[in-house]
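S.K.: I'm passing along structure_20.cif; it holds mmCIF, C-alpha atoms.
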```cif
data_model
loop_
_atom_site.label_atom_id
_atom_site.label_comp_id
_atom_site.auth_asym_id
_atom_site.auth_seq_id
_atom_site.Cartn_x
_atom_site.Cartn_y
_atom_site.Cartn_z
CA MET A 1 8.82 8.63 -4.95
CA LYS A 2 9.16 9.37 -8.64
CA HIS A 3 11.20 6.25 -9.47
CA VAL A 4 8.64 4.09 -7.66
CA VAL A 5 5.75 5.56 -9.67
CA ASP A 6 7.71 5.26 -12.92
CA ALA A 7 8.26 1.54 -12.29
CA ILE A 8 4.54 0.76 -12.03
CA PRO A 9 2.89 0.25 -15.46
CA TYR A 10 -0.59 0.97 -14.10
CA ALA A 11 0.58 4.37 -12.82
CA GLN A 12 1.69 5.20 -16.36
CA PHE A 13 -1.64 3.96 -17.70
CA LEU A 14 -3.52 6.42 -15.47
CA GLY A 15 -0.96 9.18 -16.05
CA VAL A 16 0.12 9.59 -12.41
CA ALA A 17 3.08 11.85 -11.54
CA THR A 18 4.60 12.94 -8.24
CA GLU A 19 5.39 16.35 -6.78
CA GLN A 20 6.84 17.75 -3.59
CA VAL A 21 4.98 20.51 -1.73
CA ASP A 22 6.30 21.96 1.53
CA GLY A 23 8.70 19.05 1.82
CA LEU A 24 5.92 16.44 1.46
CA TRP A 25 5.55 14.08 -1.48
CA GLN A 26 2.18 13.69 -3.10
CA CYS A 27 0.78 12.07 -6.24
CA VAL A 28 -0.84 14.05 -9.04
CA LEU A 29 -3.39 12.77 -11.56
CA PRO A 30 -3.89 15.26 -14.42
CA PHE A 31 -7.34 15.04 -15.98
CA HIS A 32 -7.84 13.39 -19.34
CA GLU A 33 -10.89 12.08 -21.16
CA GLY A 34 -10.03 8.44 -20.48
CA LEU A 35 -10.70 8.92 -16.76
CA VAL A 36 -14.37 9.82 -17.15
CA GLY A 37 -17.03 7.55 -15.65
CA ASN A 38 -20.19 9.54 -16.20
CA PRO A 39 -19.93 11.81 -19.27
CA ARG A 40 -23.21 13.49 -18.33
CA LEU A 41 -21.82 15.33 -15.30
CA PRO A 42 -18.99 14.86 -16.29
CA ALA A 43 -17.28 13.06 -13.42
CA ILE A 44 -14.15 10.95 -12.99
CA HIS A 45 -14.86 7.20 -12.73
CA GLY A 46 -15.05 5.97 -9.13
CA GLY A 47 -12.66 3.19 -10.04
CA VAL A 48 -10.04 5.74 -11.12
CA LEU A 49 -10.22 7.51 -7.77
CA GLY A 50 -10.01 4.21 -5.92
CA ALA A 51 -7.01 3.10 -7.97
CA PHE A 52 -5.32 6.50 -7.55
CA LEU A 53 -5.76 6.34 -3.76
CA GLU A 54 -4.43 2.79 -3.62
CA LEU A 55 -1.49 3.69 -5.80
CA THR A 56 -0.60 6.69 -3.61
CA ALA A 57 -0.79 4.52 -0.49
CA LEU A 58 1.41 1.85 -2.06
CA VAL A 59 4.03 4.28 -3.36
CA ARG A 60 4.31 6.04 0.01
CA LEU A 61 4.62 2.69 1.75
CA ILE A 62 7.37 1.44 -0.57
CA GLU A 63 9.22 4.71 -0.02
CA GLU A 64 8.81 4.66 3.74
CA SER A 65 9.53 1.00 4.42
CA GLY A 66 12.45 0.80 2.02
CA THR A 67 11.23 -2.64 0.98
CA GLU A 68 12.61 -4.44 -2.03
CA ARG A 69 9.45 -6.45 -2.63
CA ALA A 70 6.21 -4.61 -3.34
CA PRO A 71 3.83 -4.82 -0.36
CA LYS A 72 0.71 -6.90 -1.11
CA PRO A 73 -2.68 -5.28 -0.53
CA ILE A 74 -4.92 -7.16 1.92
CA THR A 75 -7.88 -4.80 2.05
CA PHE A 76 -8.54 -1.42 0.52
CA SER A 77 -11.54 0.64 1.47
CA ILE A 78 -12.65 3.86 -0.21
CA ASP A 79 -15.03 6.58 0.94
CA TYR A 80 -16.32 8.74 -1.88
CA LEU A 81 -17.00 12.21 -0.52
CA ARG A 82 -17.71 14.42 -3.52
CA SER A 83 -18.10 14.00 -7.24
CA ALA A 84 -14.67 14.42 -8.84
CA ARG A 85 -14.91 16.98 -11.63
CA PRO A 86 -12.78 16.97 -14.80
CA ALA A 87 -9.80 18.57 -13.07
CA THR A 88 -6.39 17.63 -11.68
CA THR A 89 -6.63 15.40 -8.61
CA ARG A 90 -3.93 15.16 -5.92
CA ALA A 91 -3.48 12.64 -3.14
CA ARG A 92 -1.30 12.33 -0.06
CA ALA A 93 -0.81 9.23 2.08
CA ASP A 94 -0.07 8.91 5.80
CA ILE A 95 1.23 5.74 7.31
CA VAL A 96 -0.92 5.10 10.36
CA LYS A 97 1.16 2.14 11.45
CA LEU A 98 4.17 0.41 9.98
CA GLY A 99 4.33 -2.95 11.71
CA ARG A 100 6.68 -5.83 11.11
CA ARG A 101 4.25 -7.63 8.82
CA ILE A 102 1.25 -5.34 8.29
CA ALA A 103 1.10 -1.66 7.40
CA ASN A 104 -1.98 0.52 7.76
CA VAL A 105 -2.10 3.52 5.42
CA HIS A 106 -4.58 6.39 5.21
CA VAL A 107 -4.84 8.45 2.05
CA VAL A 108 -6.83 11.51 0.99
CA ALA A 109 -7.52 12.92 -2.49
CA TRP A 110 -8.65 16.42 -3.41
CA GLN A 111 -8.92 18.72 -6.40
CA ASP A 112 -8.57 22.50 -5.77
CA ASP A 113 -8.81 22.59 -2.01
CA PRO A 114 -7.21 20.02 0.33
CA ALA A 115 -9.88 20.94 2.89
CA ARG A 116 -12.56 19.66 0.48
CA PRO A 117 -11.48 16.07 -0.22
CA VAL A 118 -13.16 14.14 -3.06
CA ALA A 119 -12.28 10.74 -1.61
CA SER A 120 -10.38 9.09 1.20
CA GLY A 121 -9.10 5.57 1.58
CA ASN A 122 -7.60 3.15 4.04
CA GLY A 123 -5.44 0.22 3.11
CA LYS A 124 -3.83 -2.66 4.90
CA PHE A 125 -0.79 -4.16 3.21
CA LEU A 126 1.27 -7.25 3.89
CA LEU A 127 4.93 -6.31 3.93
CA MET B 1 -45.18 2.56 -17.07
CA SER B 2 -47.78 0.23 -15.51
CA ASP B 3 -47.39 -2.22 -18.39
CA GLY B 4 -43.64 -1.61 -18.68
CA PRO B 5 -40.95 -4.05 -17.65
CA ARG B 6 -40.23 -4.34 -13.97
CA TYR B 7 -36.57 -3.51 -14.54
CA ALA B 8 -35.65 -0.50 -16.64
CA LEU B 9 -32.88 -2.52 -18.30
CA GLY B 10 -34.80 -5.81 -18.35
CA PHE B 11 -34.94 -5.75 -22.15
CA MET B 12 -31.17 -6.28 -22.38
CA PHE B 13 -30.69 -8.97 -19.72
CA GLY B 14 -28.55 -11.81 -21.02
CA PRO B 15 -25.13 -11.85 -22.69
CA GLY B 16 -23.34 -8.50 -22.84
CA THR B 17 -22.53 -6.60 -26.02
CA PRO B 18 -19.51 -4.37 -26.83
CA GLY B 19 -21.79 -1.30 -26.96
CA MET B 20 -22.50 -1.59 -23.25
CA VAL B 21 -19.34 0.20 -22.18
CA SER B 22 -19.13 2.66 -25.06
CA PHE B 23 -20.71 5.41 -22.96
CA THR B 24 -18.18 5.05 -20.11
CA PRO B 25 -14.80 6.34 -21.34
CA HIS B 26 -12.76 4.85 -18.51
CA ALA B 27 -14.34 1.40 -18.78
CA GLN B 28 -13.59 1.49 -22.48
CA ARG B 29 -10.01 2.53 -21.86
CA LEU B 30 -9.50 -0.29 -19.36
CA GLY B 31 -10.95 -2.67 -21.93
CA ILE B 32 -13.82 -3.77 -19.68
CA GLN B 33 -16.40 -6.05 -21.35
CA VAL B 34 -19.88 -6.84 -20.10
CA VAL B 35 -20.24 -10.63 -19.96
CA GLU B 36 -23.79 -10.89 -18.68
CA THR B 37 -26.51 -8.89 -16.98
CA GLY B 38 -29.67 -10.02 -15.26
CA PRO B 39 -32.03 -9.02 -12.49
CA ARG B 40 -29.88 -7.30 -9.82
CA PHE B 41 -26.56 -8.62 -11.05
CA ALA B 42 -23.83 -7.94 -13.58
CA VAL B 43 -20.77 -9.89 -14.72
CA VAL B 44 -17.91 -7.93 -16.30
CA ARG B 45 -14.47 -8.90 -17.56
CA LEU B 46 -11.12 -7.14 -17.61
CA PRO B 47 -8.81 -8.74 -20.19
CA TYR B 48 -5.21 -9.12 -19.01
CA ARG B 49 -2.93 -6.37 -20.31
CA THR B 50 0.66 -5.65 -19.29
CA GLU B 51 -0.20 -1.93 -19.03
CA LEU B 52 -2.36 -2.73 -15.98
CA ILE B 53 0.44 -4.39 -13.99
CA GLY B 54 0.95 -3.04 -10.48
CA ASP B 55 3.79 -5.28 -9.34
CA PRO B 56 6.33 -5.61 -12.17
CA GLY B 57 8.19 -8.33 -10.25
CA ARG B 58 5.20 -10.66 -10.09
CA LYS B 59 3.40 -9.33 -13.22
CA VAL B 60 0.19 -9.06 -11.22
CA ILE B 61 -2.51 -6.58 -12.28
CA PHE B 62 -2.69 -3.57 -9.95
CA GLY B 63 -5.29 -3.85 -7.18
CA GLY B 64 -6.77 -0.53 -8.21
CA ALA B 65 -7.70 -1.95 -11.63
CA ILE B 66 -9.63 -4.67 -9.82
CA THR B 67 -11.35 -1.97 -7.77
CA ALA B 68 -12.28 -0.21 -11.02
CA LEU B 69 -13.65 -3.48 -12.45
CA LEU B 70 -15.75 -4.15 -9.35
CA ASP B 71 -16.88 -0.52 -9.08
CA HIS B 72 -18.06 -0.66 -12.68
CA ALA B 73 -19.80 -4.01 -12.16
CA SER B 74 -21.47 -2.53 -9.07
CA GLY B 75 -22.90 0.42 -10.97
CA LEU B 76 -24.21 -1.90 -13.68
CA ALA B 77 -25.68 -4.37 -11.15
CA ILE B 78 -27.52 -1.50 -9.47
CA ALA B 79 -28.76 -0.15 -12.82
CA CYS B 80 -30.06 -3.70 -13.42
CA SER B 81 -32.00 -3.47 -10.13
CA LEU B 82 -33.84 -0.24 -10.85
CA GLU B 83 -37.34 0.12 -12.19
CA GLU B 84 -36.48 3.65 -13.25
CA LEU B 85 -32.90 4.62 -14.09
CA LYS B 86 -31.29 7.29 -11.94
CA ALA B 87 -27.82 8.55 -11.16
CA ILE B 88 -25.69 6.15 -9.10
CA ALA B 89 -22.82 7.46 -6.95
CA THR B 90 -20.45 5.30 -4.91
CA ILE B 91 -20.59 6.02 -1.16
CA ASP B 92 -18.04 3.43 -0.19
CA LEU B 93 -16.40 0.36 -1.58
CA ARG B 94 -14.20 -2.16 0.20
CA VAL B 95 -12.15 -4.72 -1.67
CA ASP B 96 -10.49 -7.70 0.02
CA TYR B 97 -7.60 -9.19 -1.92
CA LEU B 98 -7.85 -12.89 -1.12
CA ARG B 99 -4.83 -13.84 -3.20
CA ALA B 100 -2.86 -12.50 -6.15
CA ALA B 101 -4.62 -12.74 -9.52
CA GLU B 102 -2.83 -15.13 -11.88
CA PRO B 103 -0.67 -13.24 -14.43
CA GLY B 104 -1.88 -13.63 -18.01
CA LEU B 105 -5.46 -14.53 -17.18
CA ASP B 106 -8.49 -12.31 -17.79
CA LEU B 107 -10.22 -11.09 -14.64
CA THR B 108 -13.96 -11.52 -14.20
CA GLY B 109 -16.11 -9.80 -11.59
CA ARG B 110 -19.67 -10.57 -10.58
CA VAL B 111 -21.60 -8.12 -8.42
CA GLU B 112 -25.07 -8.50 -7.03
CA CYS B 113 -27.25 -5.73 -5.60
CA TYR B 114 -28.69 -7.53 -2.58
CA ARG B 115 -30.58 -4.64 -1.04
CA LEU B 116 -32.18 -1.62 -2.62
CA THR B 117 -33.78 1.19 -0.62
CA ARG B 118 -35.18 4.50 -1.85
CA ASN B 119 -31.84 6.26 -1.54
CA VAL B 120 -29.18 3.62 -1.06
CA ALA B 121 -28.18 0.40 -2.83
CA PHE B 122 -25.99 -2.27 -1.21
CA ILE B 123 -23.78 -4.61 -3.22
CA ARG B 124 -21.44 -7.51 -2.77
CA GLY B 125 -19.32 -9.27 -5.30
CA THR B 126 -16.33 -11.40 -6.13
CA ALA B 127 -13.65 -11.47 -8.80
CA TRP B 128 -11.85 -14.53 -10.17
CA ASP B 129 -9.44 -15.57 -12.90
CA ALA B 130 -9.66 -19.31 -13.67
CA SER B 131 -12.82 -20.34 -11.81
CA PRO B 132 -15.68 -18.57 -10.00
CA ASP B 133 -15.20 -21.13 -7.22
CA ASP B 134 -11.73 -19.76 -6.52
CA PRO B 135 -12.08 -15.95 -6.28
CA PHE B 136 -9.03 -13.73 -5.75
CA ALA B 137 -11.02 -10.74 -4.49
CA SER B 138 -14.31 -9.95 -2.83
CA CYS B 139 -16.03 -6.62 -2.34
CA ALA B 140 -18.85 -4.91 -0.48
CA GLY B 141 -20.17 -1.41 -0.98
CA SER B 142 -22.97 1.09 -0.74
CA PHE B 143 -24.14 3.50 -3.42
CA MET B 144 -26.39 6.53 -3.38
CA LEU B 145 -29.29 6.69 -5.81
CA GLY B 146 -30.37 9.93 -7.50
CA ALA B 147 -27.31 11.70 -6.10
CA ASN B 148 -27.46 14.34 -8.82
CA ASN B 149 -29.71 15.55 -11.57
CA ALA B 150 -27.42 14.52 -14.37
CA GLY B 151 -29.19 11.22 -14.77
CA SER B 152 -27.74 7.81 -15.34
CA PRO B 153 -25.19 7.14 -18.08
CA PHE B 154 -26.89 3.76 -18.36
CA THR B 155 -29.86 5.58 -19.91
CA ARG B 156 -27.85 5.28 -23.10
CA LEU B 157 -28.44 1.55 -23.03
CA VAL B 158 -32.14 2.13 -23.60
CA PRO B 159 -32.97 2.26 -27.32
CA GLY B 160 -34.18 5.68 -28.41
CA GLU B 161 -33.22 7.33 -25.13
CA GLY B 162 -30.25 9.33 -23.96
CA THR B 163 -28.43 9.21 -27.24
CA GLU B 164 -27.45 12.88 -27.06
CA GLN B 165 -23.79 13.78 -26.62
CA SER B 166 -23.35 15.79 -23.42
#
```
Step by step, read the file and then write its structure as structure tokens.
M.R.:
Amino acid sequence: MKHVVDAIPYAQFLGVATEQVDGLWQCVLPFHEGLVGNPRLPAIHGGVLGAFLELTALVRLIEESGTERAPKPITFSIDYLRSARPATTRARADIVKLGRRIANVHVVAWQDDPARPVASGNGKFLL
Amino acid sequence: MSDGPRYALGFMFGPGTPGMVSFTPHAQRLGIQVVETGPRFAVVRLPYRTELIGDPGRKVIFGGAITALLDHASGLAIACSLEELKAIATIDLRVDYLRAAEPGLDLTGRVECYRLTRNVAFIRGTAWDASPDDPFASCAGSFMLGANNAGSPFTRLVPGEGTEQS
């Protein structure tokens, strides 16, 4: 998944990397000041989490479908579950269905504990 | 506040100023500009930058950057709906990508807060490149009000208030 992430300028802009844990690929977003939305908490900007989820979904989908062309997002929907603190965030995507034309991808992001997600998302992509 | 303005941010309604994103590090980093605010709505702009590309083949800005633009516009639209500023936290946000945004063009998003309850605000919005009549994305979302005690970062927009560095 690393080469896919490296090819996406926006992933570099956010500072997203990939890692493999127990044989499963996931995306990692190390914290930096430029991600903050509300400096008073402080908390990571909701838009950053949304973008990170969408990116993780897209990268997993490109990897899984082996497509040459980047899938086009149709709809992306984000549930914000907890305030994301200034800490490293990780996300893992599951492909719910890989159809001939449409793919449905579910993705979850967490900070210290995968059992305490900060956000989850669902995306539909046109292949 | 009986003689005060109906909207906490009513004093600034009109064209946006560069200072309006200075208290939100990520908005500043994305290069988001506030175009206009008014009662229950906000218009924000994301200038085109190659760093924000999601699909290098088509040179289209990444969908997530559009989400960030609309999320930011949503927070501002809700702040522009409140009589008293409070913390705003996204509950959910859905973005429909109606078409690809045109490479090279700035992206503009307009969000309106169409329903405000004691605890929850509901928004809808669109984003376009060349013309508001031809949007490339639409969104709908719900936000929680007073979700934490940290207060609203938008308090910093009010002269003489919230100028401390936290």
S.K.: For the PyMOL selection byres ((chain B) within 7 of (chain A)), applied here, can you spell out every residue it catches as an mmCIF file with C-alpha atoms, in the frame of the given file?
M.R.:
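Contents of part32.cif, freshly written:
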```cif
data_model
loop_
_atom_site.group_PDB
_atom_site.id
_atom_site.type_symbol
_atom_site.label_atom_id
_atom_site.label_comp_id
_atom_site.auth_asym_id
_atom_site.auth_seq_id
_atom_site.Cartn_x
_atom_site.Cartn_y
_atom_site.Cartn_z
ATOM 1 C CA THR B 24 -18.180 5.050 -20.110
ATOM 2 C CA PRO B 25 -14.800 6.340 -21.340
ATOM 3 C CA HIS B 26 -12.760 4.850 -18.510
ATOM 4 C CA ARG B 29 -10.010 2.530 -21.860
ATOM 5 C CA GLU B 51 -0.200 -1.930 -19.030
ATOM 6 C CA LEU B 52 -2.360 -2.730 -15.980
ATOM 7 C CA ILE B 53 0.440 -4.390 -13.990
ATOM 8 C CA GLY B 54 0.950 -3.040 -10.480
ATOM 9 C CA ASP B 55 3.790 -5.280 -9.340
ATOM 10 C CA PRO B 56 6.330 -5.610 -12.170
ATOM 11 C CA PHE B 62 -2.690 -3.570 -9.950
ATOM 12 C CA GLY B 64 -6.770 -0.530 -8.210
ATOM 13 C CA ALA B 65 -7.700 -1.950 -11.630
ATOM 14 C CA THR B 67 -11.350 -1.970 -7.770
ATOM 15 C CA ALA B 68 -12.280 -0.210 -11.020
ATOM 16 C CA ASP B 71 -16.880 -0.520 -9.080
ATOM 17 C CA THR B 90 -20.450 5.300 -4.910
ATOM 18 C CA ILE B 91 -20.590 6.020 -1.160
ATOM 19 C CA ASP B 92 -18.040 3.430 -0.190
ATOM 20 C CA LEU B 93 -16.400 0.360 -1.580
ATOM 21 C CA ARG B 94 -14.200 -2.160 0.200
ATOM 22 C CA VAL B 95 -12.150 -4.720 -1.670
ATOM 23 C CA ASP B 96 -10.490 -7.700 0.020
ATOM 24 C CA TYR B 97 -7.600 -9.190 -1.920
ATOM 25 C CA ALA B 150 -27.420 14.520 -14.370
ATOM 26 C CA PRO B 153 -25.190 7.140 -18.080
ATOM 27 C CA SER B 166 -23.350 15.790 -23.420
#
```
S.K.: Of the residues A:Asn104, A:Gln111, A:Gln26, A:Gln20, which is the one nearest to Val59 (chain A), using only C-alpha atoms?
M.R.: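 Selected residue with least distance to Val59 (chain A): A:Gln26.
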S.K.: Please write as a PDB file with C-alpha atoms, keeping the file's coordinate frame the full residue list that the PyMOL selection byres ((chain B and resi 42) around 7) yields on this file.
M.R.:
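The result, written out as result_28.pdb:
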```
ATOM      1  CA  GLU B  36     -23.790 -10.890 -18.680  1.00  0.00           C
ATOM      2  CA  THR B  37     -26.510  -8.890 -16.980  1.00  0.00           C
ATOM      3  CA  GLY B  38     -29.670 -10.020 -15.260  1.00  0.00           C
ATOM      4  CA  PHE B  41     -26.560  -8.620 -11.050  1.00  0.00           C
ATOM      5  CA  VAL B  43     -20.770  -9.890 -14.720  1.00  0.00           C
ATOM      6  CA  VAL B  44     -17.910  -7.930 -16.300  1.00  0.00           C
ATOM      7  CA  ALA B  73     -19.800  -4.010 -12.160  1.00  0.00           C
ATOM      8  CA  LEU B  76     -24.210  -1.900 -13.680  1.00  0.00           C
ATOM      9  CA  ALA B  77     -25.680  -4.370 -11.150  1.00  0.00           C
ATOM     10  CA  ARG B 110     -19.670 -10.570 -10.580  1.00  0.00           C
ATOM     11  CA  VAL B 111     -21.600  -8.120  -8.420  1.00  0.00           C
ATOM     12  CA  GLU B 112     -25.070  -8.500  -7.030  1.00  0.00           C
TER      13      GLU B 112
END
```
S.K.: List the neighbours of Thr89 (chain A) out to 6 Å using only C-alpha atoms; skip same-chain residues closer than 6 positions along the sequence, and give me the result as a tab-separated table (two decimals) with C-alpha atoms, in the coordinates of the input.
M.R.:
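For reference, result19.tsv as written:
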```tsv
chain	number	residue	atom	x	y	z
A	28	VAL	CA	-0.84	14.05	-9.04
A	29	LEU	CA	-3.39	12.77	-11.56
A	110	TRP	CA	-8.65	16.42	-3.41
A	111	GLN	CA	-8.92	18.72	-6.40
```
S.K.: Find, counting all atoms listed in the file, the residue in A:Cys27, A:Asp94, A:Leu126, A:Arg100 that gets nearest to Lys2 (chain A).
M.R.: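 For Lys2 (chain A), the nearest of the candidates is A:Cys27.
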S.K.: Go through B:Leu105, B:Leu116, B:Leu82, B:Leu70 and flag the residue nearest Tyr7 (chain B), using all atoms listed in the file for the distances.
M.R.: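 Looking only at the distances to Tyr7 (chain B), the closest residue turns out to be B:Leu82.
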